[in-house]
Structures are given as structure tokens and as C-alpha cells.
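Participant: Structure provided below as C-alpha cells; questions to follow.
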2 protein chains.
Amino acid sequence: MFSKTCEYAIRAMIFIAQKSQGGNKVGIKEIARGIDSPEHFIAKILQDLGRRGLLQSMKGPNGGFYLDAQGMQCSLADIVKIVDGEKLFTGCGLGLKQCSETQPCPIHHEFKAMRKGIQSMLEKAKLGEFTEELEKSLTFLKR
Amino acid sequence: MFSKTCEYAIRAMIFIAQKSQGGNKVGIKEIARGIDSPEHFIAKILQDLGRRGLLQSMKGPNGGFYLDAQGMQCSLADIVKIVDGEKLFTGCGLGLKQCSETQPCPIHHEFKAMRKGIQSMLEKAKLGEFTEELEKSLTFLKR
DNA sequence: CAAATAAAAGACAAAAAGGTATTAATATCC
DNA sequence: GGATATTAATACCTTTTTGTCTTTTATTTG
């Protein structure tokens, strides 16, 4: 469904959302440990997301990554779009470039309904919403 | 969603289903042209599917690939399972190996519902069902 | 200002996916 | 049975994805 890169990205963003409550920042090492990902790899991904404005960062002592109030409202769909592109939301299930309403592939209509479902699910899911259950260890980001 | 390999596989199988009505066979060149795919690449994929019993083939003059009555009942889910594996149907959306009901990732429940939807959609879609609309040029397998 | 800390950037490496070309095996037809 | 047509198998190449390592830049603190 998602690329490995995107899986890491989502996990990292949820982790950062949790940790950056109350204005805290979290370092890349802690993030990598917290989501069980290669440190430099997730660093590069987060730098990308930072450039695109999805999260903030600060260098130097006591620096790290964090989300501002707006960042907490970022949806999983926003992350997926940046990391994996629009294909999941708009592409043809059978990989046909010209597939459309007027020139549909054999599974166009069924697939479209599914895509819509996925998209709306991911759009509804905001980073800020996952914190509470993580805190209570009702959900997990590792392994 | 699906790998390129899997997209080709599905398109090829639908194409073969259409062409093998009435006991006909269809050659690899015609298949490659018919679904706009690299000839040798789709050949390898079909050989795989053949070994797994999803389609039949014959060598020699007037040989080619074809589906028997049972093959026509093959679902898209069967193809996806063989080509891309079970991950799409059972894997964690965030790539966590230990994600489960008792140790769920933050999107486990929503994702599970989606996966189920995808799976049942693909299980319902049988190769034999696509022929008619293809015949009428209401659907397409190229471009 | 110097030292320490942490992200940013870039170069490189390994693995997986996607694709090509060549040769072997098998069935048909004369 | 030999020529031909067609799939099967094998080996190889290219591109993309995933992952690692090193160096640079920015920030803080003593």
C-alpha cells in the first residue's frame, strides 16, 4: 500500500506529534529508536517533510524536531501525498495512464470507490489524534 | 497498491480470459501487444502463474496461453496473492510485523476495514466476468 | 569566542524491482 | 523424422528503493 519510506514517515510523524506536546522537541536518535527505523534514513525523510512545511526543526543543543499547532492538524493523507505522491489517490489500479471515466479499465469503478475510501480515511486521520492512545500504550509504533 | 508486475499480470489474465473463449489460445506476442507490456517480462510472469495452476499453456505451432473453465473462475485476489503476496490483505499499514488486535498500530482498525474491503472486492472479481464489456469496448487494457 | 550538540546535505552501497536477450524444450505439420 | 513455431528456462542488465557513512552548517552554552 505505502512505500517503506512512507511507513517510516507516518510512524515518525505520529511519534513526533506525541513527543512535541507542550512545546518539547525530539532528537533524531530518539525518533529512530522510538519507531525502530534506520537513523539516517528517517532523518532524510524528515528533512524532506520539513522543507515541505509539515514539521519544524532546530539545530544545536536542545534542538530537534517538533510540530506546531498547525502541524498537529496535518493528516496522514498529507504525508502520503508528499512521500508517495498522488498515485494512490488518483492512479489507475491496473497502471493505465489513460484510464478515466470515459475510457475505464475493467476495474475502474470498483477501484475508484476503494481509493476514495482510503483517501477519506487518511484525510480524517490527524496527527494530533493519536497521542492519547499511544500514551496509554493502547497502540504502538515499533516492531 | 499493486506492483507493476502484478498490474501486468492482472491485465494479461483478463486479456487471456477474453481471448480464450471458445477454446482458443493466444500467443505471448499478441498478449504483450494487447496489454502494452514488455513481451519477455510478461512471459516470465505468465510462466509463474502457469506453474501455480492459474492458467494453461501449450508449446508449438498453434500453441499459446489459455484458461480452462476453472481458470475463468480465478479471481483477481488469487493473482494478487501469487504475485504480490498476502501483505496487501493481512499486513500492517505502517509496516509493523507485530501489529495485531492485541498490539495494534495507531491506524490498525481503520486500515483493517479497508483491507477487508479491498480483499472482498478482488475476491468477487472473476476473470470470466470482464469479457463482455471488453468485447463492446466499454473497458480497456492498454495505455 | 570556543566547544559541544544537533540537524542538513551529499556521496556512496546494497537490495529489490523491473526489464532484456539468449538458449533450451516441446508440440505440430508436412 | 526434420523443419518450424511457440512456450520455458536461464542469465544478465538497468533503475528504483532502501539503507549507510561522512562532512557541513547552524545553534547553544560556558
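Chain labels follow the order of the C-alpha cells: the first chain is A, the next B, and so on; residue numbering restarts at 1 in every chain, and ligands are counted from 1 in their shown order.
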Just need chain A moved onto chain B: least-squares over all Cα atoms matched in order, then output as a short mmCIF file (atom, residue, chain, number, x, y, z; two decimals) with N, CA and C atoms, in the first residue's frame.
Facilitator:
```
data_model
loop_
_atom_site.label_atom_id
_atom_site.label_comp_id
_atom_site.auth_asym_id
_atom_site.auth_seq_id
_atom_site.Cartn_x
_atom_site.Cartn_y
_atom_site.Cartn_z
N MET A 1 -0.45 0.56 -4.99
CA MET A 1 -1.32 -0.53 -4.48
C MET A 1 -0.75 -1.89 -4.90
N PHE A 2 -0.76 -2.14 -6.23
CA PHE A 2 -0.13 -3.36 -6.74
C PHE A 2 1.24 -3.03 -7.33
N SER A 3 2.13 -4.05 -7.37
CA SER A 3 3.39 -3.87 -8.07
C SER A 3 3.12 -3.82 -9.57
N LYS A 4 4.07 -3.27 -10.30
CA LYS A 4 3.96 -3.22 -11.76
C LYS A 4 3.74 -4.64 -12.30
N THR A 5 4.52 -5.56 -11.80
CA THR A 5 4.39 -6.96 -12.18
C THR A 5 2.96 -7.45 -12.04
N CYS A 6 2.34 -7.08 -10.92
CA CYS A 6 0.98 -7.52 -10.63
C CYS A 6 -0.01 -6.84 -11.56
N GLU A 7 0.21 -5.57 -11.84
CA GLU A 7 -0.66 -4.88 -12.79
C GLU A 7 -0.64 -5.58 -14.14
N TYR A 8 0.56 -5.87 -14.63
CA TYR A 8 0.67 -6.60 -15.90
C TYR A 8 -0.04 -7.95 -15.81
N ALA A 9 0.17 -8.63 -14.71
CA ALA A 9 -0.41 -9.97 -14.54
C ALA A 9 -1.92 -9.93 -14.65
N ILE A 10 -2.53 -8.99 -13.96
CA ILE A 10 -3.99 -8.89 -13.99
C ILE A 10 -4.47 -8.55 -15.40
N ARG A 11 -3.80 -7.55 -16.00
CA ARG A 11 -4.21 -7.17 -17.35
C ARG A 11 -4.08 -8.35 -18.30
N ALA A 12 -2.97 -9.08 -18.21
CA ALA A 12 -2.75 -10.22 -19.10
C ALA A 12 -3.80 -11.29 -18.88
N MET A 13 -4.10 -11.57 -17.65
CA MET A 13 -5.07 -12.64 -17.35
C MET A 13 -6.46 -12.27 -17.87
N ILE A 14 -6.84 -11.02 -17.71
CA ILE A 14 -8.13 -10.59 -18.24
C ILE A 14 -8.13 -10.70 -19.77
N PHE A 15 -6.99 -10.30 -20.37
CA PHE A 15 -6.87 -10.39 -21.82
C PHE A 15 -6.98 -11.84 -22.29
N ILE A 16 -6.28 -12.72 -21.61
CA ILE A 16 -6.32 -14.14 -21.99
C ILE A 16 -7.73 -14.70 -21.80
N ALA A 17 -8.38 -14.28 -20.73
CA ALA A 17 -9.75 -14.74 -20.49
C ALA A 17 -10.64 -14.39 -21.67
N GLN A 18 -10.48 -13.16 -22.12
CA GLN A 18 -11.30 -12.74 -23.25
C GLN A 18 -10.99 -13.56 -24.49
N LYS A 19 -9.68 -13.71 -24.77
CA LYS A 19 -9.27 -14.37 -26.01
C LYS A 19 -9.48 -15.87 -25.99
N SER A 20 -9.54 -16.45 -24.81
CA SER A 20 -9.61 -17.92 -24.80
C SER A 20 -11.04 -18.42 -24.69
N GLN A 21 -11.97 -17.54 -24.97
CA GLN A 21 -13.36 -18.00 -25.10
C GLN A 21 -13.45 -18.96 -26.28
N GLY A 22 -14.23 -20.00 -26.15
CA GLY A 22 -14.40 -20.95 -27.24
C GLY A 22 -13.16 -21.80 -27.51
N GLY A 23 -12.33 -21.97 -26.48
CA GLY A 23 -11.20 -22.88 -26.61
C GLY A 23 -10.02 -22.35 -27.40
N ASN A 24 -9.99 -21.06 -27.69
CA ASN A 24 -8.84 -20.50 -28.41
C ASN A 24 -7.63 -20.31 -27.50
N LYS A 25 -6.46 -20.21 -28.14
CA LYS A 25 -5.24 -19.88 -27.40
C LYS A 25 -4.70 -18.58 -27.93
N VAL A 26 -3.87 -17.93 -27.10
CA VAL A 26 -3.32 -16.65 -27.54
C VAL A 26 -1.82 -16.61 -27.24
N GLY A 27 -1.07 -16.17 -28.24
CA GLY A 27 0.39 -16.16 -28.12
C GLY A 27 0.90 -14.99 -27.30
N ILE A 28 2.14 -15.14 -26.86
CA ILE A 28 2.72 -14.13 -25.97
C ILE A 28 2.88 -12.78 -26.65
N LYS A 29 3.16 -12.81 -27.95
CA LYS A 29 3.32 -11.53 -28.67
C LYS A 29 2.01 -10.77 -28.69
N GLU A 30 0.93 -11.50 -28.96
CA GLU A 30 -0.38 -10.86 -29.01
C GLU A 30 -0.78 -10.33 -27.63
N ILE A 31 -0.44 -11.09 -26.62
CA ILE A 31 -0.74 -10.64 -25.26
C ILE A 31 0.00 -9.34 -24.95
N ALA A 32 1.31 -9.36 -25.25
CA ALA A 32 2.13 -8.18 -24.96
C ALA A 32 1.59 -6.96 -25.69
N ARG A 33 1.24 -7.14 -26.97
CA ARG A 33 0.64 -6.03 -27.71
C ARG A 33 -0.69 -5.62 -27.10
N GLY A 34 -1.48 -6.63 -26.76
CA GLY A 34 -2.84 -6.38 -26.28
C GLY A 34 -2.92 -5.62 -24.97
N ILE A 35 -1.89 -5.76 -24.14
CA ILE A 35 -1.93 -5.05 -22.85
C ILE A 35 -0.81 -4.02 -22.74
N ASP A 36 -0.07 -3.83 -23.84
CA ASP A 36 1.01 -2.84 -23.86
C ASP A 36 2.03 -3.10 -22.75
N SER A 37 2.66 -4.27 -22.82
CA SER A 37 3.68 -4.63 -21.82
C SER A 37 4.90 -5.21 -22.51
N PRO A 38 6.06 -5.21 -21.83
CA PRO A 38 7.25 -5.82 -22.40
C PRO A 38 7.02 -7.32 -22.58
N GLU A 39 7.33 -7.81 -23.75
CA GLU A 39 6.97 -9.18 -24.10
C GLU A 39 7.60 -10.23 -23.18
N HIS A 40 8.91 -10.13 -23.01
CA HIS A 40 9.59 -11.16 -22.22
C HIS A 40 9.25 -11.08 -20.74
N PHE A 41 8.94 -9.88 -20.32
CA PHE A 41 8.61 -9.68 -18.92
C PHE A 41 7.28 -10.33 -18.58
N ILE A 42 6.29 -10.08 -19.41
CA ILE A 42 4.98 -10.67 -19.15
C ILE A 42 5.05 -12.19 -19.34
N ALA A 43 5.93 -12.62 -20.25
CA ALA A 43 6.09 -14.07 -20.45
C ALA A 43 6.52 -14.75 -19.16
N LYS A 44 7.50 -14.15 -18.51
CA LYS A 44 8.00 -14.73 -17.27
C LYS A 44 6.92 -14.77 -16.20
N ILE A 45 6.15 -13.70 -16.13
CA ILE A 45 5.08 -13.64 -15.14
C ILE A 45 4.06 -14.75 -15.40
N LEU A 46 3.70 -14.91 -16.67
CA LEU A 46 2.70 -15.91 -17.01
C LEU A 46 3.22 -17.33 -16.76
N GLN A 47 4.50 -17.52 -16.98
CA GLN A 47 5.08 -18.83 -16.68
C GLN A 47 4.92 -19.16 -15.20
N ASP A 48 5.13 -18.16 -14.39
CA ASP A 48 4.91 -18.31 -12.96
C ASP A 48 3.48 -18.69 -12.64
N LEU A 49 2.56 -17.94 -13.19
CA LEU A 49 1.14 -18.20 -12.93
C LEU A 49 0.76 -19.58 -13.46
N GLY A 50 1.39 -19.97 -14.56
CA GLY A 50 1.13 -21.30 -15.12
C GLY A 50 1.57 -22.40 -14.16
N ARG A 51 2.79 -22.25 -13.64
CA ARG A 51 3.28 -23.23 -12.67
C ARG A 51 2.35 -23.34 -11.47
N ARG A 52 1.77 -22.21 -11.09
CA ARG A 52 0.87 -22.20 -9.95
C ARG A 52 -0.55 -22.64 -10.31
N GLY A 53 -0.74 -23.00 -11.58
CA GLY A 53 -2.02 -23.57 -11.98
C GLY A 53 -3.11 -22.58 -12.33
N LEU A 54 -2.76 -21.28 -12.41
CA LEU A 54 -3.80 -20.30 -12.71
C LEU A 54 -4.16 -20.22 -14.19
N LEU A 55 -3.24 -20.66 -15.03
CA LEU A 55 -3.59 -20.71 -16.46
C LEU A 55 -2.84 -21.86 -17.14
N GLN A 56 -3.29 -22.19 -18.36
CA GLN A 56 -2.69 -23.28 -19.11
C GLN A 56 -1.90 -22.72 -20.28
N SER A 57 -0.98 -23.56 -20.79
CA SER A 57 -0.25 -23.16 -21.99
C SER A 57 0.14 -24.38 -22.80
N MET A 58 0.40 -24.15 -24.07
CA MET A 58 0.87 -25.21 -24.97
C MET A 58 1.99 -24.65 -25.82
N LYS A 59 3.03 -25.44 -26.01
CA LYS A 59 4.12 -25.03 -26.90
C LYS A 59 3.78 -25.41 -28.33
N GLY A 60 4.65 -24.99 -29.22
CA GLY A 60 4.54 -25.41 -30.62
C GLY A 60 3.53 -24.62 -31.42
N PRO A 61 3.48 -24.91 -32.72
CA PRO A 61 2.57 -24.22 -33.62
C PRO A 61 1.13 -24.29 -33.11
N ASN A 62 0.47 -23.19 -33.22
CA ASN A 62 -0.89 -23.08 -32.68
C ASN A 62 -0.95 -23.22 -31.16
N GLY A 63 0.21 -23.11 -30.55
CA GLY A 63 0.22 -23.11 -29.09
C GLY A 63 -0.10 -21.74 -28.56
N GLY A 64 0.04 -21.60 -27.25
CA GLY A 64 -0.25 -20.31 -26.63
C GLY A 64 -0.81 -20.49 -25.24
N PHE A 65 -1.28 -19.39 -24.68
CA PHE A 65 -1.84 -19.43 -23.34
C PHE A 65 -3.36 -19.45 -23.40
N TYR A 66 -3.96 -20.11 -22.43
CA TYR A 66 -5.42 -20.13 -22.39
C TYR A 66 -5.90 -20.47 -20.99
N LEU A 67 -7.16 -20.23 -20.77
CA LEU A 67 -7.77 -20.55 -19.48
C LEU A 67 -8.81 -21.63 -19.67
N ASP A 68 -8.82 -22.60 -18.79
CA ASP A 68 -9.91 -23.58 -18.83
C ASP A 68 -11.09 -23.02 -18.03
N ALA A 69 -12.15 -23.81 -17.96
CA ALA A 69 -13.37 -23.35 -17.30
C ALA A 69 -13.07 -22.90 -15.87
N GLN A 70 -12.23 -23.67 -15.19
CA GLN A 70 -11.87 -23.33 -13.82
C GLN A 70 -11.08 -22.02 -13.77
N GLY A 71 -10.18 -21.86 -14.74
CA GLY A 71 -9.39 -20.65 -14.80
C GLY A 71 -10.25 -19.40 -14.94
N MET A 72 -11.34 -19.53 -15.64
CA MET A 72 -12.25 -18.39 -15.81
C MET A 72 -12.83 -17.95 -14.47
N GLN A 73 -12.86 -18.86 -13.53
CA GLN A 73 -13.39 -18.56 -12.20
C GLN A 73 -12.33 -17.98 -11.26
N CYS A 74 -11.10 -17.93 -11.75
CA CYS A 74 -10.01 -17.36 -10.96
C CYS A 74 -10.31 -15.90 -10.64
N SER A 75 -10.07 -15.51 -9.40
CA SER A 75 -10.36 -14.12 -9.01
C SER A 75 -9.10 -13.26 -9.07
N LEU A 76 -9.28 -11.97 -9.13
CA LEU A 76 -8.13 -11.07 -9.09
C LEU A 76 -7.34 -11.25 -7.80
N ALA A 77 -8.04 -11.58 -6.73
CA ALA A 77 -7.35 -11.80 -5.45
C ALA A 77 -6.37 -12.97 -5.56
N ASP A 78 -6.75 -14.01 -6.30
CA ASP A 78 -5.85 -15.15 -6.49
C ASP A 78 -4.55 -14.70 -7.15
N ILE A 79 -4.68 -13.85 -8.15
CA ILE A 79 -3.50 -13.36 -8.87
C ILE A 79 -2.64 -12.50 -7.97
N VAL A 80 -3.28 -11.57 -7.28
CA VAL A 80 -2.54 -10.67 -6.39
C VAL A 80 -1.78 -11.47 -5.33
N LYS A 81 -2.43 -12.47 -4.77
CA LYS A 81 -1.78 -13.28 -3.73
C LYS A 81 -0.51 -13.93 -4.26
N ILE A 82 -0.58 -14.46 -5.46
CA ILE A 82 0.59 -15.15 -6.01
C ILE A 82 1.69 -14.17 -6.40
N VAL A 83 1.31 -13.06 -6.99
CA VAL A 83 2.33 -12.14 -7.49
C VAL A 83 2.89 -11.25 -6.39
N ASP A 84 2.02 -10.64 -5.61
CA ASP A 84 2.48 -9.69 -4.59
C ASP A 84 2.47 -10.26 -3.18
N GLY A 85 1.92 -11.45 -3.02
CA GLY A 85 1.87 -12.04 -1.68
C GLY A 85 0.68 -11.55 -0.88
N GLU A 86 0.66 -11.95 0.37
CA GLU A 86 -0.51 -11.69 1.22
C GLU A 86 -0.47 -10.32 1.90
N LYS A 87 0.64 -9.63 1.75
CA LYS A 87 0.83 -8.40 2.51
C LYS A 87 -0.36 -7.44 2.41
N LEU A 88 -0.84 -7.24 1.20
CA LEU A 88 -1.93 -6.29 1.00
C LEU A 88 -3.17 -6.69 1.80
N PHE A 89 -3.36 -7.99 1.98
CA PHE A 89 -4.57 -8.48 2.64
C PHE A 89 -4.43 -8.63 4.15
N THR A 90 -3.20 -8.81 4.59
CA THR A 90 -3.03 -9.09 6.02
C THR A 90 -2.00 -8.20 6.72
N GLY A 91 -1.15 -7.50 5.93
CA GLY A 91 -0.06 -6.75 6.54
C GLY A 91 -0.50 -5.48 7.24
N CYS A 92 0.35 -4.99 8.12
CA CYS A 92 0.10 -3.74 8.83
C CYS A 92 0.31 -2.56 7.89
N GLY A 93 -0.55 -1.58 7.98
CA GLY A 93 -0.43 -0.39 7.14
C GLY A 93 0.84 0.39 7.37
N LEU A 94 1.37 0.33 8.56
CA LEU A 94 2.60 1.06 8.88
C LEU A 94 3.83 0.15 8.87
N GLY A 95 3.66 -1.09 8.39
CA GLY A 95 4.80 -1.98 8.23
C GLY A 95 5.29 -2.65 9.50
N LEU A 96 4.46 -2.66 10.54
CA LEU A 96 4.88 -3.28 11.80
C LEU A 96 4.58 -4.78 11.77
N LYS A 97 5.60 -5.57 12.04
CA LYS A 97 5.44 -7.02 11.95
C LYS A 97 4.54 -7.55 13.07
N GLN A 98 4.66 -6.92 14.22
CA GLN A 98 3.91 -7.46 15.36
C GLN A 98 2.56 -6.80 15.58
N CYS A 99 2.16 -5.97 14.63
CA CYS A 99 0.86 -5.31 14.76
C CYS A 99 -0.26 -6.36 14.75
N SER A 100 -1.16 -6.25 15.68
CA SER A 100 -2.24 -7.22 15.81
C SER A 100 -3.38 -6.62 16.62
N GLU A 101 -4.43 -7.40 16.79
CA GLU A 101 -5.56 -6.91 17.58
C GLU A 101 -5.14 -6.47 18.97
N THR A 102 -4.25 -7.26 19.58
CA THR A 102 -3.87 -6.97 20.96
C THR A 102 -2.73 -5.96 21.05
N GLN A 103 -2.00 -5.79 19.94
CA GLN A 103 -0.88 -4.85 19.93
C GLN A 103 -0.97 -4.01 18.66
N PRO A 104 -2.01 -3.21 18.54
CA PRO A 104 -2.29 -2.55 17.27
C PRO A 104 -1.46 -1.29 17.03
N CYS A 105 -1.19 -1.00 15.77
CA CYS A 105 -0.60 0.28 15.41
C CYS A 105 -1.73 1.33 15.45
N PRO A 106 -1.37 2.60 15.42
CA PRO A 106 -2.39 3.64 15.57
C PRO A 106 -3.51 3.60 14.53
N ILE A 107 -3.25 3.04 13.36
CA ILE A 107 -4.33 3.02 12.36
C ILE A 107 -4.85 1.61 12.10
N HIS A 108 -4.55 0.72 13.02
CA HIS A 108 -4.87 -0.70 12.80
C HIS A 108 -6.32 -0.96 12.41
N HIS A 109 -7.22 -0.42 13.18
CA HIS A 109 -8.63 -0.78 12.97
C HIS A 109 -9.20 -0.20 11.68
N GLU A 110 -8.90 1.06 11.43
CA GLU A 110 -9.36 1.68 10.19
C GLU A 110 -8.76 0.96 8.99
N PHE A 111 -7.47 0.66 9.10
CA PHE A 111 -6.77 0.04 7.99
C PHE A 111 -7.31 -1.36 7.71
N LYS A 112 -7.58 -2.04 8.78
CA LYS A 112 -8.11 -3.40 8.64
C LYS A 112 -9.43 -3.41 7.86
N ALA A 113 -10.27 -2.46 8.18
CA ALA A 113 -11.56 -2.36 7.49
C ALA A 113 -11.34 -2.15 6.00
N MET A 114 -10.40 -1.27 5.67
CA MET A 114 -10.10 -1.01 4.27
C MET A 114 -9.57 -2.23 3.55
N ARG A 115 -8.61 -2.89 4.19
CA ARG A 115 -8.03 -4.11 3.61
C ARG A 115 -9.12 -5.11 3.29
N LYS A 116 -10.02 -5.28 4.23
CA LYS A 116 -11.13 -6.22 4.03
C LYS A 116 -11.93 -5.83 2.80
N GLY A 117 -12.19 -4.54 2.69
CA GLY A 117 -12.93 -4.06 1.53
C GLY A 117 -12.22 -4.38 0.23
N ILE A 118 -10.93 -4.12 0.21
CA ILE A 118 -10.14 -4.41 -0.98
C ILE A 118 -10.18 -5.89 -1.29
N GLN A 119 -9.95 -6.69 -0.27
CA GLN A 119 -9.90 -8.13 -0.48
C GLN A 119 -11.22 -8.66 -1.03
N SER A 120 -12.32 -8.24 -0.43
CA SER A 120 -13.59 -8.82 -0.88
C SER A 120 -13.91 -8.35 -2.29
N MET A 121 -13.55 -7.11 -2.58
CA MET A 121 -13.73 -6.62 -3.94
C MET A 121 -12.94 -7.48 -4.92
N LEU A 122 -11.69 -7.79 -4.60
CA LEU A 122 -10.85 -8.57 -5.52
C LEU A 122 -11.27 -10.03 -5.57
N GLU A 123 -11.81 -10.52 -4.49
CA GLU A 123 -12.26 -11.91 -4.49
C GLU A 123 -13.53 -12.09 -5.33
N LYS A 124 -14.34 -11.06 -5.32
CA LYS A 124 -15.57 -11.14 -6.11
C LYS A 124 -15.30 -11.03 -7.60
N ALA A 125 -14.21 -10.37 -7.95
CA ALA A 125 -13.93 -10.11 -9.37
C ALA A 125 -13.31 -11.33 -10.04
N LYS A 126 -14.10 -12.05 -10.84
CA LYS A 126 -13.62 -13.25 -11.53
C LYS A 126 -13.23 -12.92 -12.96
N LEU A 127 -12.21 -13.57 -13.46
CA LEU A 127 -11.69 -13.27 -14.79
C LEU A 127 -12.76 -13.36 -15.87
N GLY A 128 -13.63 -14.35 -15.74
CA GLY A 128 -14.65 -14.55 -16.76
C GLY A 128 -15.62 -13.39 -16.94
N GLU A 129 -15.70 -12.55 -15.91
CA GLU A 129 -16.72 -11.51 -15.92
C GLU A 129 -16.38 -10.28 -16.75
N PHE A 130 -15.14 -10.17 -17.14
CA PHE A 130 -14.72 -8.92 -17.78
C PHE A 130 -14.88 -8.94 -19.29
N THR A 131 -15.11 -10.13 -19.82
CA THR A 131 -15.07 -10.33 -21.27
C THR A 131 -16.07 -9.46 -22.03
N GLU A 132 -17.29 -9.50 -21.54
CA GLU A 132 -18.35 -8.85 -22.30
C GLU A 132 -18.09 -7.36 -22.53
N GLU A 133 -17.73 -6.67 -21.46
CA GLU A 133 -17.52 -5.23 -21.59
C GLU A 133 -16.29 -4.91 -22.44
N LEU A 134 -15.28 -5.77 -22.36
CA LEU A 134 -14.11 -5.59 -23.22
C LEU A 134 -14.52 -5.71 -24.69
N GLU A 135 -15.30 -6.73 -24.93
CA GLU A 135 -15.77 -7.02 -26.29
C GLU A 135 -16.47 -5.80 -26.89
N LYS A 136 -17.27 -5.17 -26.07
CA LYS A 136 -18.03 -4.00 -26.52
C LYS A 136 -17.22 -2.70 -26.47
N SER A 137 -15.93 -2.83 -26.14
CA SER A 137 -15.09 -1.64 -25.98
C SER A 137 -15.63 -0.65 -24.96
N LEU A 138 -16.24 -1.20 -23.94
CA LEU A 138 -16.66 -0.34 -22.83
C LEU A 138 -15.54 -0.20 -21.80
N THR A 139 -14.59 -1.16 -21.85
CA THR A 139 -13.40 -1.08 -20.99
C THR A 139 -12.17 -1.39 -21.82
N PHE A 140 -10.98 -1.07 -21.25
CA PHE A 140 -9.73 -1.16 -22.00
C PHE A 140 -8.60 -1.74 -21.15
N LEU A 141 -7.60 -2.30 -21.84
CA LEU A 141 -6.47 -2.91 -21.12
C LEU A 141 -5.13 -2.31 -21.52
N LYS A 142 -5.16 -1.25 -22.31
CA LYS A 142 -3.92 -0.65 -22.80
C LYS A 142 -3.82 0.82 -22.40
N ARG A 143 -2.57 1.28 -22.38
CA ARG A 143 -2.23 2.69 -22.20
C ARG A 143 -2.49 3.23 -20.81
#
```
Participant: Please build the interface table for chain C against chain A with a cut-off of 6 Å, listing for each qualifying residue the nearest atom pair and the distance in Å to one decimal; count only C-alpha atoms (C1' of nucleotides), order rows by chain and increasing number, and write it as a Markdown table.
Facilitator:
```
| residue | atom | partner | partner_atom | distance |
| --- | --- | --- | --- | --- |
| C:DT5 | C1' | A:Pro61 | CA | 4.5 |
| C:DA6 | C1' | A:Gly60 | CA | 4.5 |
| C:DA7 | C1' | A:Lys59 | CA | 4.9 |
```
Participant: May I have the selected residues written with N, CA and C atoms (P, O5', C5', C4', C3', O3' and C1' of nucleotides), as a PDB file, in the first residue's frame?
Facilitator:
```pdb
ATOM      1  P    DT C   5      28.342  17.356  23.893  1.00  0.00           P
ATOM      2  O5'  DT C   5      27.012  17.664  23.074  1.00  0.00           O
ATOM      3  C5'  DT C   5      26.138  18.714  23.502  1.00  0.00           C
ATOM      4  C4'  DT C   5      25.222  19.075  22.356  1.00  0.00           C
ATOM      5  C3'  DT C   5      24.620  17.872  21.632  1.00  0.00           C
ATOM      6  O3'  DT C   5      23.211  18.017  21.660  1.00  0.00           O
ATOM      7  C1'  DT C   5      25.441  19.458  20.094  1.00  0.00           C
ATOM      8  P    DA C   6      22.276  16.734  21.631  1.00  0.00           P
ATOM      9  O5'  DA C   6      21.592  16.888  20.205  1.00  0.00           O
ATOM     10  C5'  DA C   6      20.778  18.045  19.973  1.00  0.00           C
ATOM     11  C4'  DA C   6      20.782  18.373  18.502  1.00  0.00           C
ATOM     12  C3'  DA C   6      20.467  17.183  17.586  1.00  0.00           C
ATOM     13  O3'  DA C   6      19.251  17.387  16.908  1.00  0.00           O
ATOM     14  C1'  DA C   6      22.214  18.519  16.732  1.00  0.00           C
ATOM     15  P    DA C   7      18.633  16.257  15.961  1.00  0.00           P
ATOM     16  O5'  DA C   7      18.556  17.074  14.599  1.00  0.00           O
ATOM     17  C5'  DA C   7      17.763  18.252  14.579  1.00  0.00           C
ATOM     18  C4'  DA C   7      18.171  19.124  13.405  1.00  0.00           C
ATOM     19  C3'  DA C   7      17.756  18.582  12.035  1.00  0.00           C
ATOM     20  O3'  DA C   7      17.362  19.667  11.213  1.00  0.00           O
ATOM     21  C1'  DA C   7      20.106  18.830  12.122  1.00  0.00           C
TER      22       DA C   7
END
```
Participant: As a PyMOL selection string, please: every residue in chain A that DSSP puts in alpha helix (DSSP H).
Facilitator: chain A and resi 4-19+28-35+39-51+69-72+76-84+87-90+108-124+131-135
